[in-house]
Structures are given as C-alpha cells and as structure tokens.
file protein30.csv (CSV, C-alpha atoms and all ligand atoms)
chain,number,residue,atom,x,y,z
A,189,MET,CA,-40.9,26.0,34.6
A,190,ILE,CA,-38.5,28.5,33.0
A,191,ARG,CA,-40.3,31.8,32.3
A,192,VAL,CA,-40.1,33.2,28.7
A,193,ARG,CA,-37.7,36.1,28.7
A,194,ARG,CA,-39.0,39.5,27.6
A,195,ILE,CA,-36.3,41.8,26.4
A,196,ASP,CA,-36.0,45.4,25.2
A,197,SER,CA,-33.4,44.9,22.5
A,198,VAL,CA,-31.8,42.0,20.5
A,199,VAL,CA,-28.6,43.0,22.3
A,200,ASP,CA,-30.1,41.6,25.5
A,201,ALA,CA,-30.5,38.2,23.8
A,202,VAL,CA,-26.7,37.6,23.9
A,203,GLY,CA,-25.4,35.0,26.3
A,204,ASN,CA,-27.1,32.7,28.8
A,205,THR,CA,-26.9,29.9,26.1
A,206,PRO,CA,-27.9,26.4,27.2
A,207,LEU,CA,-25.7,23.5,28.0
A,208,VAL,CA,-27.0,20.3,26.4
A,209,ARG,CA,-25.9,16.9,27.5
A,210,LEU,CA,-24.7,14.6,24.7
A,211,ARG,CA,-26.1,11.1,24.9
A,212,LYS,CA,-25.1,9.1,21.8
A,213,VAL,CA,-21.6,10.2,20.8
A,214,THR,CA,-20.5,9.6,24.4
A,215,SER,CA,-21.8,6.0,24.6
A,216,ARG,CA,-18.3,4.7,25.4
A,217,ALA,CA,-18.0,7.0,28.4
A,218,PRO,CA,-21.3,6.2,30.3
A,219,ASP,CA,-19.9,7.5,33.7
A,220,VAL,CA,-18.8,10.9,32.4
A,221,ASP,CA,-21.1,13.8,31.3
A,222,VAL,CA,-20.2,15.7,28.2
A,223,TYR,CA,-22.1,19.0,27.6
A,224,ALA,CA,-22.0,21.3,24.6
A,225,LYS,CA,-22.6,24.9,25.3
A,226,LEU,CA,-24.8,26.0,22.4
A,227,GLU,CA,-23.3,29.3,21.3
A,228,PHE,CA,-25.4,29.2,18.1
A,229,ALA,CA,-28.3,30.2,20.4
A,230,ASN,CA,-26.9,33.8,20.3
A,231,PRO,CA,-28.9,36.1,18.1
A,232,GLY,CA,-26.2,36.3,15.4
A,233,GLY,CA,-25.9,32.5,15.5
A,234,SER,CA,-22.4,32.2,16.9
A,235,VAL,CA,-20.0,32.6,19.8
A,236,LYS,CA,-18.7,35.8,18.2
A,237,ASP,CA,-21.8,37.8,19.3
A,238,ARG,CA,-20.3,38.0,22.8
A,239,PRO,CA,-16.9,39.7,21.9
A,240,ALA,CA,-18.4,41.8,19.1
A,241,LEU,CA,-21.0,43.3,21.4
A,242,ARG,CA,-18.6,43.8,24.3
A,243,MET,CA,-16.0,45.5,22.0
A,244,ILE,CA,-18.7,47.8,20.7
A,245,LEU,CA,-20.2,48.6,24.2
A,246,ASP,CA,-16.7,49.1,25.8
A,247,ALA,CA,-15.7,51.5,23.0
A,248,LEU,CA,-19.0,53.4,23.2
A,249,ARG,CA,-18.4,53.7,27.0
A,250,ASP,CA,-14.9,55.1,26.8
A,251,GLY,CA,-15.4,57.3,23.7
A,252,ARG,CA,-13.3,55.3,21.1
A,253,LEU,CA,-16.6,54.8,19.2
A,254,THR,CA,-19.1,57.6,18.7
A,255,ARG,CA,-22.3,57.5,16.7
A,256,ASP,CA,-20.7,59.5,13.9
A,257,LYS,CA,-18.0,56.9,13.4
A,258,ILE,CA,-18.0,53.9,11.2
A,259,LEU,CA,-17.0,50.5,12.6
A,260,ILE,CA,-14.7,48.8,10.1
A,261,ASP,CA,-13.1,45.3,10.0
A,262,SER,CA,-12.0,42.6,7.6
A,263,THR,CA,-14.1,39.6,8.5
A,264,SER,CA,-16.6,37.8,6.3
A,265,GLY,CA,-17.3,35.2,9.0
A,266,ASN,CA,-19.2,35.1,12.3
A,267,THR,CA,-17.7,38.3,13.7
A,268,GLY,CA,-18.9,40.1,10.6
A,269,VAL,CA,-22.4,38.9,11.1
A,270,ALA,CA,-22.2,40.0,14.8
A,271,TYR,CA,-20.9,43.5,14.0
A,272,SER,CA,-23.6,43.9,11.3
A,273,LEU,CA,-26.4,42.8,13.7
A,274,PHE,CA,-25.3,45.0,16.6
A,275,GLY,CA,-24.5,47.9,14.3
A,276,ALA,CA,-28.0,47.8,13.0
A,277,ALA,CA,-29.5,47.4,16.5
A,278,LEU,CA,-27.4,50.2,18.1
A,279,GLY,CA,-27.4,52.6,15.1
A,280,ILE,CA,-23.8,52.3,14.2
A,281,ARG,CA,-22.6,52.2,10.6
A,282,VAL,CA,-20.6,49.1,9.7
A,283,ARG,CA,-18.2,48.6,6.8
A,284,LEU,CA,-16.6,45.2,6.2
A,285,VAL,CA,-13.8,44.4,3.8
A,286,MET,CA,-13.8,40.9,2.3
A,287,PRO,CA,-12.0,39.3,-0.6
A,288,SER,CA,-14.3,39.5,-3.7
A,289,ASN,CA,-14.5,35.7,-4.1
A,290,VAL,CA,-16.2,35.2,-0.7
A,291,SER,CA,-19.4,33.2,-1.2
A,292,LYS,CA,-22.6,35.1,-2.1
A,293,PRO,CA,-24.4,34.1,1.2
A,294,ARG,CA,-21.5,35.7,3.2
A,295,LYS,CA,-21.9,39.0,1.3
A,296,ASP,CA,-25.7,38.8,1.4
A,297,ILE,CA,-26.0,38.3,5.2
A,298,ALA,CA,-23.9,41.3,5.9
A,299,ARG,CA,-25.8,43.5,3.4
A,300,ALA,CA,-29.1,42.3,4.9
A,301,PHE,CA,-28.3,44.3,8.0
A,302,GLY,CA,-27.4,47.3,6.0
A,303,THR,CA,-23.6,46.8,6.2
A,304,GLU,CA,-21.5,48.3,3.5
A,305,VAL,CA,-19.2,45.7,1.9
A,306,ILE,CA,-15.8,46.7,0.3
A,307,PHE,CA,-14.0,44.1,-1.8
A,308,SER,CA,-10.3,43.3,-1.7
A,309,ASP,CA,-8.2,41.4,-4.2
A,310,PRO,CA,-9.4,37.7,-4.3
A,311,LEU,CA,-5.9,36.5,-4.9
A,312,GLU,CA,-4.6,38.1,-1.7
A,313,GLY,CA,-7.2,36.3,0.6
A,314,SER,CA,-7.8,37.4,4.2
A,315,ASP,CA,-4.4,39.1,4.5
A,316,GLY,CA,-5.3,41.2,1.5
A,317,ALA,CA,-8.5,42.2,3.3
A,318,ILE,CA,-6.6,43.2,6.4
A,319,LEU,CA,-4.2,45.3,4.3
A,320,LYS,CA,-7.2,47.0,2.6
A,321,VAL,CA,-8.8,47.9,5.9
A,322,ARG,CA,-5.5,49.5,7.0
A,323,GLU,CA,-5.4,51.5,3.7
A,324,VAL,CA,-9.0,52.6,4.0
A,325,ILE,CA,-8.4,53.7,7.7
A,326,ALA,CA,-5.2,55.5,6.8
A,327,GLU,CA,-7.0,57.7,4.2
A,328,GLU,CA,-9.5,59.0,6.8
A,329,PRO,CA,-8.4,57.9,10.3
A,330,ASP,CA,-10.9,60.0,12.2
A,331,VAL,CA,-13.9,58.4,10.5
A,332,TYR,CA,-13.4,54.9,11.7
A,333,PHE,CA,-13.4,52.6,14.7
A,334,TYR,CA,-11.4,49.5,14.2
A,335,PRO,CA,-12.1,46.9,17.0
A,336,ASP,CA,-9.2,44.6,16.1
A,337,GLN,CA,-10.6,41.5,17.8
A,338,TYR,CA,-7.1,39.8,17.9
A,339,ALA,CA,-5.7,42.5,20.2
A,340,ASN,CA,-8.8,43.9,21.9
A,341,PRO,CA,-9.0,42.9,25.7
A,342,SER,CA,-12.8,43.3,25.5
A,343,ASN,CA,-12.8,40.0,23.5
A,344,PRO,CA,-11.6,37.7,26.3
A,345,LEU,CA,-13.4,39.8,28.9
A,346,ALA,CA,-16.7,39.0,27.2
A,347,HIS,CA,-16.0,35.3,27.9
A,348,TYR,CA,-14.6,36.0,31.4
A,349,ASP,CA,-17.8,37.8,32.4
A,350,GLY,CA,-20.2,35.7,30.3
A,351,THR,CA,-19.2,32.2,29.1
A,352,GLY,CA,-17.0,31.3,32.1
A,353,ARG,CA,-19.5,32.6,34.7
A,354,GLU,CA,-22.4,30.9,33.0
A,355,ILE,CA,-20.6,27.5,32.9
A,356,LEU,CA,-19.7,27.8,36.6
A,357,GLU,CA,-23.3,28.7,37.4
A,358,ALA,CA,-24.6,25.7,35.5
A,359,VAL,CA,-22.1,22.9,36.3
A,360,GLY,CA,-19.5,24.5,38.7
A,361,ASP,CA,-20.0,21.7,41.2
A,362,ARG,CA,-19.0,19.0,38.7
A,363,ILE,CA,-17.0,20.4,35.8
A,364,THR,CA,-13.5,18.8,35.5
A,365,HIS,CA,-12.6,19.9,31.9
A,366,PHE,CA,-13.3,22.7,29.5
A,367,VAL,CA,-12.7,22.5,25.8
A,368,ALA,CA,-12.6,25.3,23.2
A,369,GLY,CA,-10.8,26.0,19.9
A,370,LEU,CA,-8.3,28.7,19.3
A,371,GLY,CA,-9.2,31.4,16.7
A,372,THR,CA,-8.6,34.9,18.0
A,373,THR,CA,-8.2,32.8,21.2
A,374,GLY,CA,-10.7,35.1,23.1
A,375,THR,CA,-13.0,32.2,24.1
A,376,MET,CA,-10.2,30.2,25.7
A,377,MET,CA,-8.5,33.1,27.3
A,378,GLY,CA,-11.5,34.6,29.0
A,379,THR,CA,-13.4,31.4,29.9
A,380,ALA,CA,-10.3,29.6,31.2
A,381,ARG,CA,-9.3,32.6,33.3
A,382,ARG,CA,-12.7,32.5,35.0
A,383,LEU,CA,-12.7,28.7,35.4
A,384,HIS,CA,-9.2,28.8,36.9
A,385,GLU,CA,-10.6,30.9,39.8
A,386,HIS,CA,-12.6,28.0,40.9
A,387,THR,CA,-11.5,26.3,44.2
A,388,ARG,CA,-11.1,23.0,42.5
A,389,PRO,CA,-8.7,22.7,39.4
A,390,ILE,CA,-10.6,22.7,36.1
A,391,ARG,CA,-8.4,21.5,33.2
A,392,CYS,CA,-8.8,23.9,30.2
A,393,VAL,CA,-8.0,22.2,26.9
A,394,ALA,CA,-7.4,24.3,23.7
A,395,VAL,CA,-8.1,22.7,20.3
A,396,GLU,CA,-6.0,23.5,17.3
A,397,PRO,CA,-6.1,22.1,13.8
A,398,ASP,CA,-3.3,19.4,13.5
A,399,ASP,CA,-2.2,20.8,10.2
A,400,PRO,CA,-1.6,24.3,8.7
A,401,LEU,CA,-3.8,23.4,5.7
A,402,HIS,CA,-7.1,22.6,7.3
A,403,GLY,CA,-10.8,22.9,7.0
A,404,LEU,CA,-11.8,23.8,10.5
A,405,GLU,CA,-13.1,27.3,9.8
A,406,GLY,CA,-12.7,29.7,12.7
A,407,LEU,CA,-9.6,27.9,14.1
A,408,LYS,CA,-5.9,28.7,13.7
A,409,HIS,CA,-2.9,26.5,13.5
A,410,LEU,CA,-0.9,28.8,15.9
A,411,ALA,CA,2.5,27.4,15.1
A,412,THR,CA,2.2,28.7,11.5
A,413,SER,CA,0.0,31.7,12.1
A,414,ILE,CA,0.4,35.2,13.4
A,415,VAL,CA,-0.2,34.7,17.1
A,416,PRO,CA,-3.0,37.0,18.4
A,417,PRO,CA,-1.7,39.6,20.9
A,418,ILE,CA,-4.5,38.5,23.3
A,419,PHE,CA,-3.1,35.0,23.4
A,420,ASP,CA,-1.2,33.9,26.6
A,421,ALA,CA,0.3,30.5,26.2
A,422,GLY,CA,0.2,30.1,30.0
A,423,VAL,CA,-3.6,30.1,30.2
A,424,PRO,CA,-4.6,26.7,28.6
A,425,ASP,CA,-3.5,23.7,30.6
A,426,GLU,CA,-3.1,21.7,27.5
A,427,ARG,CA,-3.2,22.1,23.7
A,428,VAL,CA,-4.4,19.3,21.4
A,429,GLY,CA,-4.4,18.9,17.7
A,430,VAL,CA,-7.6,17.7,15.9
A,431,SER,CA,-7.7,16.7,12.2
A,432,THR,CA,-10.1,18.2,9.8
A,433,GLU,CA,-11.6,14.7,9.1
A,434,ASP,CA,-12.2,14.1,12.8
A,435,GLY,CA,-13.9,17.5,13.2
A,436,TRP,CA,-16.1,17.0,10.1
A,437,ASP,CA,-17.0,13.5,11.1
A,438,MET,CA,-18.0,14.5,14.6
A,439,ALA,CA,-20.1,17.4,13.1
A,440,ASP,CA,-21.9,14.8,11.0
A,441,ARG,CA,-22.4,12.5,14.0
A,442,LEU,CA,-23.7,15.4,16.1
A,443,ALA,CA,-26.3,16.2,13.4
A,444,ARG,CA,-27.4,12.6,12.9
A,445,GLU,CA,-27.2,11.2,16.4
A,446,GLU,CA,-27.9,14.2,18.6
A,447,GLY,CA,-29.9,16.5,16.4
A,448,LEU,CA,-27.2,19.2,16.6
A,449,HIS,CA,-26.2,20.5,13.2
A,450,VAL,CA,-23.1,22.5,14.1
A,451,GLY,CA,-20.0,23.8,12.3
A,452,HIS,CA,-16.7,22.0,12.0
A,453,SER,CA,-14.9,23.9,14.7
A,454,SER,CA,-17.7,22.7,17.1
A,455,GLY,CA,-17.1,19.2,15.7
A,456,ALA,CA,-13.4,19.5,16.5
A,457,ASN,CA,-14.1,20.7,20.1
A,458,ILE,CA,-16.6,18.0,20.8
A,459,PHE,CA,-14.3,15.3,19.2
A,460,ALA,CA,-11.7,16.4,21.8
A,461,ALA,CA,-14.2,16.5,24.6
A,462,VAL,CA,-15.5,13.0,23.9
A,463,ARG,CA,-11.9,11.7,23.7
A,464,ILE,CA,-11.2,13.2,27.2
A,465,ALA,CA,-14.4,11.5,28.5
A,466,GLU,CA,-13.4,8.2,27.1
A,467,GLU,CA,-9.9,8.4,28.6
A,468,LEU,CA,-11.4,9.2,32.0
A,469,GLN,CA,-13.8,6.3,31.7
A,470,ALA,CA,-11.1,3.9,30.6
A,471,LYS,CA,-8.9,4.8,33.6
A,472,GLY,CA,-11.8,5.1,36.1
A,473,ASP,CA,-10.4,8.7,36.7
A,474,ARG,CA,-12.8,11.2,38.2
A,475,GLY,CA,-10.8,14.2,37.0
A,476,GLY,CA,-10.1,15.4,40.5
A,477,LEU,CA,-13.8,15.4,41.5
A,478,PRO,CA,-14.2,14.2,45.1
A,479,ALA,CA,-16.0,10.9,45.7
A,480,GLY,CA,-19.7,11.5,46.2
A,481,ALA,CA,-19.7,14.7,44.2
A,482,GLY,CA,-21.5,13.3,41.2
A,483,ARG,CA,-20.3,12.4,37.7
A,484,PRO,CA,-17.3,14.2,36.3
A,485,CYS,CA,-18.3,16.6,33.5
A,486,VAL,CA,-16.6,17.9,30.4
A,487,VAL,CA,-17.9,21.1,28.7
A,488,ALA,CA,-17.2,22.0,25.1
A,489,ILE,CA,-18.1,25.0,23.1
A,490,ALA,CA,-20.4,24.6,20.1
A,491,CYS,CA,-19.4,27.7,18.2
A,492,ASP,CA,-22.0,28.0,15.4
A,493,ARG,CA,-24.6,26.1,13.3
A,494,GLY,CA,-23.7,23.9,10.3
A,495,ASP,CA,-25.9,25.7,7.9
A,496,ARG,CA,-23.4,28.6,7.9
A,497,TYR,CA,-21.2,26.3,5.9
A,498,PHE,CA,-23.6,25.2,3.2
A,499,ALA,CA,-21.8,27.6,0.8
A,500,PRO,CA,-18.3,26.2,0.4
A,501,LEU,CA,-15.4,28.0,2.1
A,502,ASN,CA,-11.8,26.9,1.7
A,503,TRP,CA,-12.5,23.3,2.2
A,504,GLU,CA,-15.0,21.3,0.3
A,505,ARG,CA,-16.5,17.9,0.9
A,506,ARG,CA,-19.5,16.6,-0.8
A,507,TYR,CA,-22.5,16.1,1.4
A,508,VAL,CA,-25.4,14.0,0.4
A,509,TRP,CA,-28.4,15.4,2.2
B,601,LIG,C1,-16.8,29.0,13.9
B,601,LIG,C2,-15.7,29.5,14.8
B,601,LIG,N1,-15.2,28.6,15.7
B,601,LIG,C3,-14.2,29.0,16.6
B,601,LIG,C4,-13.8,30.3,16.7
B,601,LIG,C5,-12.7,30.6,17.6
B,601,LIG,O1,-13.1,31.4,18.7
B,601,LIG,P1,-12.1,32.5,19.3
B,601,LIG,O2,-11.9,33.6,18.2
B,601,LIG,O3,-12.8,33.0,20.5
B,601,LIG,O4,-10.8,31.8,19.6
B,601,LIG,C6,-14.4,31.2,15.8
B,601,LIG,C7,-13.9,32.6,15.9
B,601,LIG,O5,-13.8,33.3,14.9
B,601,LIG,C8,-15.3,30.8,14.9
B,601,LIG,O6,-15.9,31.7,14.1
call {"tool": "encode", "arguments": {"input": "protein30.csv", "output": "structure tokens", "more": "lines below"}}
Ligand SMILES: Cc1ncc(COP(=O)(O)O)c(C=O)c1O
result
Amino acid sequence: MIRVRRIDSVVDAVGNTPLVRLRKVTSRAPDVDVYAKLEFANPGGSVKDRPALRMILDALRDGRLTRDKILIDSTSGNTGVAYSLFGAALGIRVRLVMPSNVSKPRKDIARAFGTEVIFSDPLEGSDGAILKVREVIAEEPDVYFYPDQYANPSNPLAHYDGTGREILEAVGDRITHFVAGLGTTGTMMGTARRLHEHTRPIRCVAVEPDDPLHGLEGLKHLATSIVPPIFDAGVPDERVGVSTEDGWDMADRLAREEGLHVGHSSGANIFAAVRIAEELQAKGDRGGLPAGAGRPCVVAIACDRGDRYFAPLNWERRYVW
C-alpha cells in the first residue's frame, strides 16, 4: 500500500505525478503500453508548477530574487497560476501583466492568490503584455525579478531533475518513446536530456501545432514564432505536427473513454503517442526493446486539466455538456 504523504508546504507537493496507462484510446495497439504522465496532479494544476518553482528557488538561492523584490511576468496561463501559488506560499509579491480582454476566470485565479494584475492593450495581445512588462521593469529595475521562462535554464532543469528522473524510475526498463509539446520547450529539453542518458535509446518526439493559426493553447508553431533561447533543435529526435482538430478530438475521447478531462495540448501529445503505438503495433516493431524485456511503452505528458479551458481563449468550439 502507498502511504499518504505528509508535507510541510504546498511547495513539497510539486512533482512525483502518476503515470496512468491508457486502455481504450489505444485499442488498436494492444501490444504497446501508452502512459499519460498526469501533470495536472501538481498543486497549481499544470506542468508549469515545476519550472515556476525551480526558477523561484534557484533565484532565491543565488540572490537574483530577494524577499523585498516583486516577481513580474506577462502570463495569464498556467505559469501565471504557478507563480501566484508559490509567491503566496513563499511570501513573494507577484505582479502579472495580461491583455485586458483575458477571460475573467484567468484574472480571478491570479487575484485569488493575492497577485496584482496589470492590464495591457487588448489589441496588442501577448506581445503587448511582454512590452508592457519591459516598460514597467525599465521604470524601476531594482524592484523586480523577471524569471523569463523562455530563456531561463532553471526551466529545463526542473524537468531534467524531476519529470525525466521520475519517468525513468517508473518505466525506465521499458520506455521506448517520450512525447511532449513545445511551448517554452522546457519540458522537452529537460526531460529528453535526462532520457537520452539511458543506456538504451529512447526516442523523444516533440509535438507542434501543424498550422500557425491553431487552438492548442500552450504550444508554439516554432517555424513562425520567436524561438525560445532555451530551445536546442538537436535535442528532440523527431518533431511532428498535430492539427487542432486532432488535439481537441483526442481530448474529448480521453474525457469520455478514459475519465481524463485534459487540455488540448495534452490531447495533441496523446494523439501523437497513440499514433506511434499504432505504428509499432502495425509493424510488429518493439522500438528497440530487447526480446523478453516486456511490452514497449510510450509516455506522453498530460499538461493540464480541461476545466482550465471552459472560458474561451483564442479558439472556440461549442461543447455540449
Ligand atoms: C497547457 C500547456 N501545454 C504545454 C505547454 C508547453 O510546455 P513547455 O513550456 O515546457 O514547452 C505549456 C506551457 O506553457 C502549457 O501551458
């Protein structure tokens, strides 16, 4: 029996997320296991808890962040929730800049933790929010700590030390493929670096939207985006495009067939993972796993829960609940 964990702070609840085996959506690949790593089990409800906490702790350790400073960033999504949560838990003031047309629940969740929200021009979108952060910092540079998750090495390190290590501990004897989407790219960079240290090759597959105009919140179409400085194109073994429709449809299926109500980037990752499993099955390929070593295994990241998207973002599709 697994003992109930007793912890001193919500900070200690980050990581050690479970891997759940998918049973229905993988019906056409009966000899391959597909696991979803449930990152929504983190206290802030997403994979971004790991890098947000690590960026804060590393900066506290080396003095870039002190208790008199204010953490500032321009995110209304999962990273904003994570900063707000850990800011509250660790006694650090947090200020987030978001376009004023961001949905009310996005504003409310940040404010619930005591975060101060500054609004930028709704017509300028997320780029306007980034420019506004820079303006605010330029006025009083000594007041702020700007984590800059796209360029901060603590972001991939959180996944190298956490996500990657945990996957190896859980299924290191059998994992043949790892699948994660590219946003800041921290999850793929850190986890793949760790998995590539394994004695047997583990193929790390990066998921991107197949179109610049997409509804896979959290993911970037890198060919038409500013490439994050932490991204190294040599790290993933393969990059695959997934359509918005396939990501959304898989998210629906996961809710209805597996009891996993996840966001659409998770749907895209698991869509790609199931496709890999079906290809292995069709070819009778063991993904490099030696005979007698059990069933090959594909692990995909489930980034967050679907209820985070009840309030429409930049893509809307009618749900009938
Ligand atoms: C819902 C969701 N999916 C995927 C990602 C991508 O993760 P990463 O930034 O580590 O590339 C993010 C990151 O913001 C996210 O919020």
call {"tool": "closest_residue", "arguments": {"input": "protein30.csv", "among": "A:Asn340, A:Val393, A:Gly369, A:Arg382", "to": "Lys408 (chain A)", "atoms": "only C-alpha atoms"}}
result
A:Gly369
call {"tool": "residues_around", "arguments": {"input": "protein30.csv", "residues": "Gly378 (chain A)", "least_positions_apart": "3", "cutoff": "9 Å", "atoms": "only C-alpha atoms", "output": "list in words"}}
result
Asn343, Pro344, Leu345, Ala346, His347, Tyr348, Asp349, Gly350, Thr351, Gly352, Thr373, Gly374, Thr375, Arg381, Arg382 and Leu383 of chain A
call {"tool": "residues_around", "arguments": {"input": "protein30.csv", "residues": "Arg362 (chain A)", "least_positions_apart": "6", "cutoff": "8 Å", "atoms": "all atoms listed in the file", "output": "number ranges by chain"}}
result
A: 477, 481-485
call {"tool": "atom_distance", "arguments": {"input": "protein30.csv", "atom1": "CA of Asn266 (chain A)", "atom2": "CA of Thr364 (chain A)"}}
result
28.9 Å
call {"tool": "residues_near_point", "arguments": {"input": "protein30.csv", "point": "(-23.5, 46.9, 21.8)", "cutoff": "12 Å", "atoms": "all atoms listed in the file", "output": "VMD selection string"}}
result
chain A and resid 197 to 202 237 to 249 253 to 255 259 270 to 280 342 346
call {"tool": "closest_residue", "arguments": {"input": "protein30.csv", "among": "A:Arg252, A:Val450, A:Tyr497, A:Phe333", "to": "Pro293 (chain A)", "atoms": "all atoms listed in the file"}}
result
A:Tyr497
call {"tool": "residues_near_ligand", "arguments": {"input": "protein30.csv", "ligand": "ligand LIG 601 (chain B)", "cutoff": "7 Å", "atoms": "only C-alpha atoms and all ligand atoms", "output": "list of chain:residue names"}}
result
A:Lys236, A:Gly265, A:Asn266, A:Thr267, A:Gly369, A:Leu370, A:Gly371, A:Thr372, A:Thr373, A:Gly374, A:Thr375, A:Met376, A:Glu405, A:Gly406, A:Leu407, A:Gly451, A:Ser453, A:Ser454, A:Cys491, A:Asp492
call {"tool": "write_last_selection", "arguments": {"input": "protein30.csv", "atoms": "C-alpha atoms", "output": "tab-separated table (two decimals), in the coordinates of the input"}}
result
chain	number	residue	atom	x	y	z
A	236	LYS	CA	-18.70	35.80	18.20
A	265	GLY	CA	-17.30	35.20	9.00
A	266	ASN	CA	-19.20	35.10	12.30
A	267	THR	CA	-17.70	38.30	13.70
A	369	GLY	CA	-10.80	26.00	19.90
A	370	LEU	CA	-8.30	28.70	19.30
A	371	GLY	CA	-9.20	31.40	16.70
A	372	THR	CA	-8.60	34.90	18.00
A	373	THR	CA	-8.20	32.80	21.20
A	374	GLY	CA	-10.70	35.10	23.10
A	375	THR	CA	-13.00	32.20	24.10
A	376	MET	CA	-10.20	30.20	25.70
A	405	GLU	CA	-13.10	27.30	9.80
A	406	GLY	CA	-12.70	29.70	12.70
A	407	LEU	CA	-9.60	27.90	14.10
A	451	GLY	CA	-20.00	23.80	12.30
A	453	SER	CA	-14.90	23.90	14.70
A	454	SER	CA	-17.70	22.70	17.10
A	491	CYS	CA	-19.40	27.70	18.20
A	492	ASP	CA	-22.00	28.00	15.40
call {"tool": "residues_around", "arguments": {"input": "protein30.csv", "residues": "Tyr332 (chain A)", "least_positions_apart": "3", "cutoff": "10 Å", "atoms": "all atoms listed in the file", "output": "list in words"}}
result
Arg252, Leu253, Thr254, Asp256, Lys257, Ile258, Leu259, Ile260, Asp261, Arg281, Val282, Arg283, Val324, Ile325, Ala326, Glu328, Pro329 and Pro335 of chain A
call {"tool": "write_last_selection", "arguments": {"input": "protein30.csv", "atoms": "C-alpha atoms", "output": "PDB file, keeping the file's coordinate frame"}}
result
ATOM      1  CA  ARG A 252     -13.300  55.300  21.100  1.00  0.00           C
ATOM      2  CA  LEU A 253     -16.600  54.800  19.200  1.00  0.00           C
ATOM      3  CA  THR A 254     -19.100  57.600  18.700  1.00  0.00           C
ATOM      4  CA  ASP A 256     -20.700  59.500  13.900  1.00  0.00           C
ATOM      5  CA  LYS A 257     -18.000  56.900  13.400  1.00  0.00           C
ATOM      6  CA  ILE A 258     -18.000  53.900  11.200  1.00  0.00           C
ATOM      7  CA  LEU A 259     -17.000  50.500  12.600  1.00  0.00           C
ATOM      8  CA  ILE A 260     -14.700  48.800  10.100  1.00  0.00           C
ATOM      9  CA  ASP A 261     -13.100  45.300  10.000  1.00  0.00           C
ATOM     10  CA  ARG A 281     -22.600  52.200  10.600  1.00  0.00           C
ATOM     11  CA  VAL A 282     -20.600  49.100   9.700  1.00  0.00           C
ATOM     12  CA  ARG A 283     -18.200  48.600   6.800  1.00  0.00           C
ATOM     13  CA  VAL A 324      -9.000  52.600   4.000  1.00  0.00           C
ATOM     14  CA  ILE A 325      -8.400  53.700   7.700  1.00  0.00           C
ATOM     15  CA  ALA A 326      -5.200  55.500   6.800  1.00  0.00           C
ATOM     16  CA  GLU A 328      -9.500  59.000   6.800  1.00  0.00           C
ATOM     17  CA  PRO A 329      -8.400  57.900  10.300  1.00  0.00           C
ATOM     18  CA  PRO A 335     -12.100  46.900  17.000  1.00  0.00           C
TER      19      PRO A 335
END
call {"tool": "build_atoms", "arguments": {"input": "protein30.csv", "residues": "region 316-321 of chain A", "atoms": "all heavy atoms", "output": "mmCIF file, keeping the file's coordinate frame"}}
result
data_model
loop_
_atom_site.group_PDB
_atom_site.id
_atom_site.type_symbol
_atom_site.label_atom_id
_atom_site.label_comp_id
_atom_site.auth_asym_id
_atom_site.auth_seq_id
_atom_site.Cartn_x
_atom_site.Cartn_y
_atom_site.Cartn_z
ATOM 1 N N GLY A 316 -5.044 40.108 2.374
ATOM 2 C CA GLY A 316 -5.300 41.200 1.500
ATOM 3 C C GLY A 316 -6.439 42.106 2.058
ATOM 4 O O GLY A 316 -6.394 43.336 1.964
ATOM 5 N N ALA A 317 -7.433 41.455 2.691
ATOM 6 C CA ALA A 317 -8.500 42.200 3.300
ATOM 7 C C ALA A 317 -8.058 43.041 4.470
ATOM 8 O O ALA A 317 -8.471 44.195 4.650
ATOM 9 C CB ALA A 317 -9.648 41.250 3.719
ATOM 10 N N ILE A 318 -7.137 42.473 5.246
ATOM 11 C CA ILE A 318 -6.600 43.200 6.400
ATOM 12 C C ILE A 318 -5.803 44.438 5.888
ATOM 13 O O ILE A 318 -5.963 45.546 6.405
ATOM 14 C CB ILE A 318 -5.649 42.296 7.238
ATOM 15 C CG1 ILE A 318 -6.466 41.169 7.887
ATOM 16 C CG2 ILE A 318 -4.886 43.103 8.306
ATOM 17 C CD1 ILE A 318 -5.630 40.076 8.550
ATOM 18 N N LEU A 319 -4.984 44.232 4.849
ATOM 19 C CA LEU A 319 -4.200 45.300 4.300
ATOM 20 C C LEU A 319 -5.118 46.438 3.751
ATOM 21 O O LEU A 319 -4.870 47.627 3.938
ATOM 22 C CB LEU A 319 -3.267 44.844 3.186
ATOM 23 C CG LEU A 319 -2.139 43.915 3.652
ATOM 24 C CD1 LEU A 319 -1.334 43.389 2.479
ATOM 25 C CD2 LEU A 319 -1.219 44.638 4.655
ATOM 26 N N LYS A 320 -6.207 46.003 3.132
ATOM 27 C CA LYS A 320 -7.200 47.000 2.600
ATOM 28 C C LYS A 320 -7.834 47.783 3.675
ATOM 29 O O LYS A 320 -8.001 48.993 3.529
ATOM 30 C CB LYS A 320 -8.224 46.181 1.754
ATOM 31 C CG LYS A 320 -9.273 47.014 1.110
ATOM 32 C CD LYS A 320 -8.827 47.526 -0.236
ATOM 33 C CE LYS A 320 -9.880 48.432 -0.850
ATOM 34 N NZ LYS A 320 -9.372 49.123 -2.033
ATOM 35 N N VAL A 321 -8.184 47.137 4.778
ATOM 36 C CA VAL A 321 -8.800 47.900 5.900
ATOM 37 C C VAL A 321 -7.796 48.954 6.367
ATOM 38 O O VAL A 321 -8.178 50.107 6.588
ATOM 39 C CB VAL A 321 -9.087 46.930 7.096
ATOM 40 C CG1 VAL A 321 -9.309 47.704 8.383
ATOM 41 C CG2 VAL A 321 -10.316 46.104 6.805
#
